[in-house]
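Colleague: Just dropping this structure here.
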Amino acid sequence: MDAAAPLTDPAHRTANSPVRGLLTDLATATNWLYDNWYLLALAVAACWGLGEMIVRRLAAHASAERMALELVSNRHFDPSPEEIFRRGVQLARASTAMPWWAPRRAKAVQIRLRSDGSSPLRYRIEGPAGGQRLLSITPFGPDVTVHRARPVVDAPRTHTVRAEFILRGKPTAPLREVPLTPDPLQPLVDAVSDLRAELGDLAEIRLDIQRAPKWALRTRRLQLMATARRAEQREAQRAARWLRRDANGIEDSLSRQLQQLLSDKPNTGAGRQIVMPPVPRRVDPVEALGKLADDDHLVRVQLLVMCASNIEGRAQARLAQLQAAFDVFGGRSRWAMRGWRLGPWRVGADHWPTRRSFERRWNLGHCQPPRPNWVRLEELTGLLKPPTLHCRLPVLASDLPTFEFGAPELLLQGIYRGPDGRERLVATYAEETLFEVGVGKAGGGKTERALAQAIGWAHAGGGLMFLDPHRDSWPRATTFLAHDDLMPRIALVDLNGLGPSPRVSSWNPLGMEHGQAAHEVVEAITDAYASVLGWDDATAPRAITILTAAVAVLVAVNQAACQAGRPESQATIFHIRAMLTDTAFRRAALTAVAGRLDAETRSWWQVVFPTLPPDAFAVVLNPIARLAANPVTRAFLGQPVGVYNIRAAMDSRMIVWVCPGGSGPTDRLVTALLARDLLRAVRSRRDTPEDKRVPFRPYFDELITLTGAAPETIAAMFEDFRKYRCQVHGMTQLLARLPTPVRLSLVQNASTLATTAGSRSAIAPVTAEWGDNPTPDRVATMERFEHYVSMNVYGRRVGPVQLRGPHLDTVFASQARPRQVPALERAALANAGALPLDQLIDRAAQQFGRVAAFLAAPSSADAAHLPLSKEVYE
């Protein structure tokens with residue numbers, strides 16, 4: 001018998017040896033790794049750390065070449081949703097403008113919303129340098145200005161809080177669709193509206209936008225689909241359990257048992273109901289993925305917030321306000337702070353281990369958003385644009401400076417109440433406040449506001465003229481001007497003739513003792529007459545010619561008298577009647593100044609004047625007769641050498657209060673003469689270099705009364721005075737009642753436009769200049785002493801802002817000196833050279849004889865040939 005065969009085939013044993021050895025090696029390796037698992041963990045950690053270090057270095061190098069743009073919108077910025085969406089597409093495209101080697105975290109565009117006291121909300125965009133050309137041209141057009149932004153350097157604050165926001169709620173649901181009216185940024189602006197720069201307050205929001213890779217989106221979709229399927233399976237299982245429970249309940253119920261007992265059929269169990277478990281519903285990808293179903297315009301976002309302050313608690317409160325502001329965007333999906341809450345404590349971006357990551361991303365601009373932060377560009381509509389015209393911006397100290405008493409560069413405007421209830425006196429810069437117009441009903445506070453501004457300017461060392469036909473402003477202002485250092489600069493020209501022994505100043509409109517240009521004086525007198533009487537070259541050419549010729553001769557006489565050293569012999573405006581009706585006086589005057597008159601004027605007196613009928617002079621003489629019949633105006637205008645000199649007052653920073661005395665025909669003529677003389681005096685500053693011209697501010701109360709006397713003159717002031725550093729302030733009840741030239745010049749050139757409450761029709765012309773924002777209805781219902789004011793600060797318009805008019809008794813309570821008012825009255829009259837009315841009337845009555853004696857003297861004819869002199873006779 002043969003030997004027994006081997007149990008295994010040698011060939012088979014040889015073939016299985018490698019497999020067995022491999023399995024043995026794997027088992028051995030597994031056992032070794034199990035025993036030395038920490039070595040594997042160390043190797044994985046080392047590889048991960050090396051890779052993370054390389055990625056961070058590359059990302060930091062790529063981030064070093066970022067650019068920054070600042071977007072500034074104007075008050076008309078009102079973008080459409082399509083324009084905002086196109087801007088979002090630009091931002092998403094620009095986020096990829098990086099080198100191929102740049103890590104994903106560096107490929108992002110950052111929107112920075114910042115408030116630190118310099119502006120209500122600065123809107124900046126930072127991103128790859130390669131995206132600058134793409135982002136510099138926006139779809140918003142000229143309503144948004146884009147310029148390169150400088151790096152922001154913040155001083156360290158004592159208290160700082162940080163937060164990162166993550167999308168909570170249903171991950172596939174969109175954020176709430178916030179309408180563009182009001183501006184979606186309004187909650188954020190309101191959250192920083194009470195920021196105080198002097199306390200070191202700072203709030204900044206950074207929104208990073210990143211185009212995610214396709215693989216990340218596919219992974220996220222797979223996760224969401226798996227989650228949806230698991231949810232459907234759980235729902236089907238729960239439904240099956242309830243079905244079985246319901247079926248069992250029916251089988252065990254009393255009714256079912258009674259039915260079985262009464263039935264003839266045996267209970268074999270075959271009649272039990274068969275329960276079919278529900279099949280899990282097919283998951284609809286569109287329903288399960290929601291906003292992640294489509295690839296178009298889907299981005300990942302990172303939202304970081306930092307608040308700081310030097311006062312404890314203010315930064316935390318600011319962060320809470322911003323968190324509440326982001327709740328506006330919440331719906332089924334909402335923004336929530338990332339972190340954990342442990343009772344009263346919250347562990348977030350301010351604590352280990354996430355603080356270091358937050359600061360790295362904050363400082364380098366890296367974008368590493370949380371996994372749920374997927375949004376479509378339509379959800380970010382409110383954050384992809386600067387504030388629009390529908391956004392109500394607070395007025396910060398950087399927009400409108402705070403008034404400081406005694407500061408010559410500031411001009412008081414009113415009291416501004418901030419969103420936090422704090423009130424402060426606001427001002428504009430004097431250099432930029434060229435012309436100002438105040439409109440409002442009687443008693444609304446426009447004159448009180450102008451007085452507060454004028455008093456503040458006077459205490460700061462500025463010169464001014466307050467022209468008030470009704471004299472109400474002078475007793476109101478004296479209490480706050482009665483200071484020893486101001487009294488030498490204050491002069492009162494009061495033509496009301498109040499009291500038993502009134503004192504009146506003096507002025508000779510024809511006087512030449514200050515070296516005025518003769519043709520300018522002649523033009524000023526003639527134009528004043530013409531404006532009051534309604535003369536022009538078409539309706540009264542002969543009257544204008546007669547008046548011009550008579551004034552020209554009298555001015556020449558006054559030139560001769562001043563050059564002869566006899567200014568007390570000058571003719572006044574009342575000598576026009578003698579020039580036209582007194583043959584002897586006329587002959588003497590023409591003879592004395594024959595060498596000073598041009599050939600045409602001499603020819604007119606020789607050829608044309610003798611042919612004029614006597615009644616041709618009545619239209620010229622009637623106004624002069626009315627002036628002479630009033631003792632106050634006769635005393636004021638009948639002196640040969642007047643004390644009133646508005647050019648000298650400008651140059652010496654005087655505070656001149658002029659009260660013409662009323663609004664009758666005589667008063668209008670005096671007002672017209674004063675206004676035209678002011679225009680001449682201001683224009684005469686051409687002889688002074690621009691940097692040597694002292695600023696001067698005329699205030700015109702009751703413009704309706706003043707412009708009724710000199711409409712063209714007032715209009716010319718609002719057009720020309722800026723060139724000579726003379727800034728005009730006008731107050732009126734109704735713009736519509738002003739002459740058209742004045743109204744157009746006022747509105748066109750007004751640096752500051754203010755209105756109080758009033759009738760809707762009266763306010764409408766003012767609000768129309770603001771685009772009816774606010775509306776006339778809103779302004780008409782304001783409280784008393786409230787104003788809407790638009791101002792120029794740093795070359796841009798601020799407002800209209802609602803201000804409360806400054807009340808003198810409140811704003812300047814510390815400056816009130818009621819006991820010194822009598823001393824101020826005496827000093828003001830003395831500075832104006834005011835003398836008793838009777839004395840001035842007697843002097844005016846004797847002036848005709850003095851002038852006649854000067855003309856009859858042989859030296860007057862010789863003086864006519866002397867050269868003109870600029871010497872000033874006091």
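Labels used: A, B, ... for chains in the order of the structure tokens, numbers from 1 for residues in each chain, and numbers from 1 for ligands as shown.
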Excluding range 736-750 of chain A and any residue of its chain fewer than 2 positions from it, enumerate the residues within 10 Å of it, using only C-alpha atoms, and give them as a PyMOL selection string.
Modeller: chain A and resi 433-438+703-708+710-719+722+728-730+732-734+752-754+761-766+769+790-792
Colleague: In range 288-367 of chain A, what's alpha helix (DSSP H) per DSSP? Answer as a VMD selection string?
Modeller: chain A and resid 288 to 289 314 to 326 355 to 364
Colleague: What does the file look like for those residues with C-alpha atoms, as a PDB file, in the first residue's frame?
Modeller:
```
ATOM      1  CA  ALA A 288     -33.914  70.182   1.113  1.00  0.00           C
ATOM      2  CA  LEU A 289     -31.140  72.452  -0.166  1.00  0.00           C
ATOM      3  CA  ARG A 314     -19.612 101.344  26.961  1.00  0.00           C
ATOM      4  CA  ALA A 315     -18.012  98.816  24.594  1.00  0.00           C
ATOM      5  CA  GLN A 316     -20.221  95.990  25.900  1.00  0.00           C
ATOM      6  CA  ALA A 317     -23.307  98.161  25.554  1.00  0.00           C
ATOM      7  CA  ARG A 318     -22.319  99.085  21.999  1.00  0.00           C
ATOM      8  CA  LEU A 319     -21.913  95.430  21.072  1.00  0.00           C
ATOM      9  CA  ALA A 320     -25.371  94.687  22.449  1.00  0.00           C
ATOM     10  CA  GLN A 321     -26.798  97.508  20.333  1.00  0.00           C
ATOM     11  CA  LEU A 322     -25.143  96.128  17.199  1.00  0.00           C
ATOM     12  CA  GLN A 323     -26.396  92.638  17.984  1.00  0.00           C
ATOM     13  CA  ALA A 324     -29.920  94.016  18.202  1.00  0.00           C
ATOM     14  CA  ALA A 325     -29.380  95.836  14.908  1.00  0.00           C
ATOM     15  CA  PHE A 326     -28.488  92.578  13.157  1.00  0.00           C
ATOM     16  CA  ARG A 355      -9.548  85.022  20.575  1.00  0.00           C
ATOM     17  CA  ARG A 356      -6.192  84.437  18.919  1.00  0.00           C
ATOM     18  CA  SER A 357      -7.857  83.225  15.741  1.00  0.00           C
ATOM     19  CA  PHE A 358     -10.177  86.237  15.781  1.00  0.00           C
ATOM     20  CA  GLU A 359      -7.311  88.712  16.099  1.00  0.00           C
ATOM     21  CA  ARG A 360      -5.332  87.027  13.330  1.00  0.00           C
ATOM     22  CA  ARG A 361      -8.268  87.185  10.954  1.00  0.00           C
ATOM     23  CA  TRP A 362      -9.047  90.744  12.041  1.00  0.00           C
ATOM     24  CA  ASN A 363      -5.502  92.028  11.554  1.00  0.00           C
ATOM     25  CA  LEU A 364      -4.689  90.191   8.317  1.00  0.00           C
TER      26      LEU A 364
END
```
Colleague: At most 6 Å is the cut-off: for each residue in range 122-236 of chain A with any atom that close to an atom of range 68-86 of chain A, write down the nearest atom pair and the distance in Å rounded to one decimal, counting only C-alpha atoms, chain first then increasing number, as CSV.
Modeller:
```
residue,atom,partner,partner_atom,distance
A:Tyr123,CA,A:Leu71,CA,5.7
A:Arg124,CA,A:Glu70,CA,4.4
A:Ile125,CA,A:Leu69,CA,5.2
A:Glu126,CA,A:Ala68,CA,4.3
A:Pro139,CA,A:Glu83,CA,5.7
A:Asp143,CA,A:Phe77,CA,5.2
A:Val144,CA,A:Ser73,CA,4.3
A:Thr145,CA,A:Val72,CA,5.1
A:Val146,CA,A:Leu71,CA,4.8
A:His147,CA,A:Glu70,CA,5.6
A:Arg148,CA,A:Leu69,CA,4.7
A:Ala149,CA,A:Leu69,CA,5.0
```
Colleague: For Ile525 in chain A, list every protein, DNA or RNA residue within 12 Å, evaluated using only C-alpha atoms, and leave out those in the same chain fewer than 6 positions away; present the list as a ChimeraX atom specification.
Modeller: /A:508-511,518-519,531-532,544,547-552,554-555,572-573,576,669-680,710,713
Colleague: Which residue, A:Ala155, A:Ala618, A:Ala813, A:Ala293, has the smallest gap to Leu481 in chain A when you use only C-alpha atoms?
Modeller: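 Between A:Ala155, A:Ala618, A:Ala813, A:Ala293, the residue approaching Leu481 in chain A most closely is A:Ala813.
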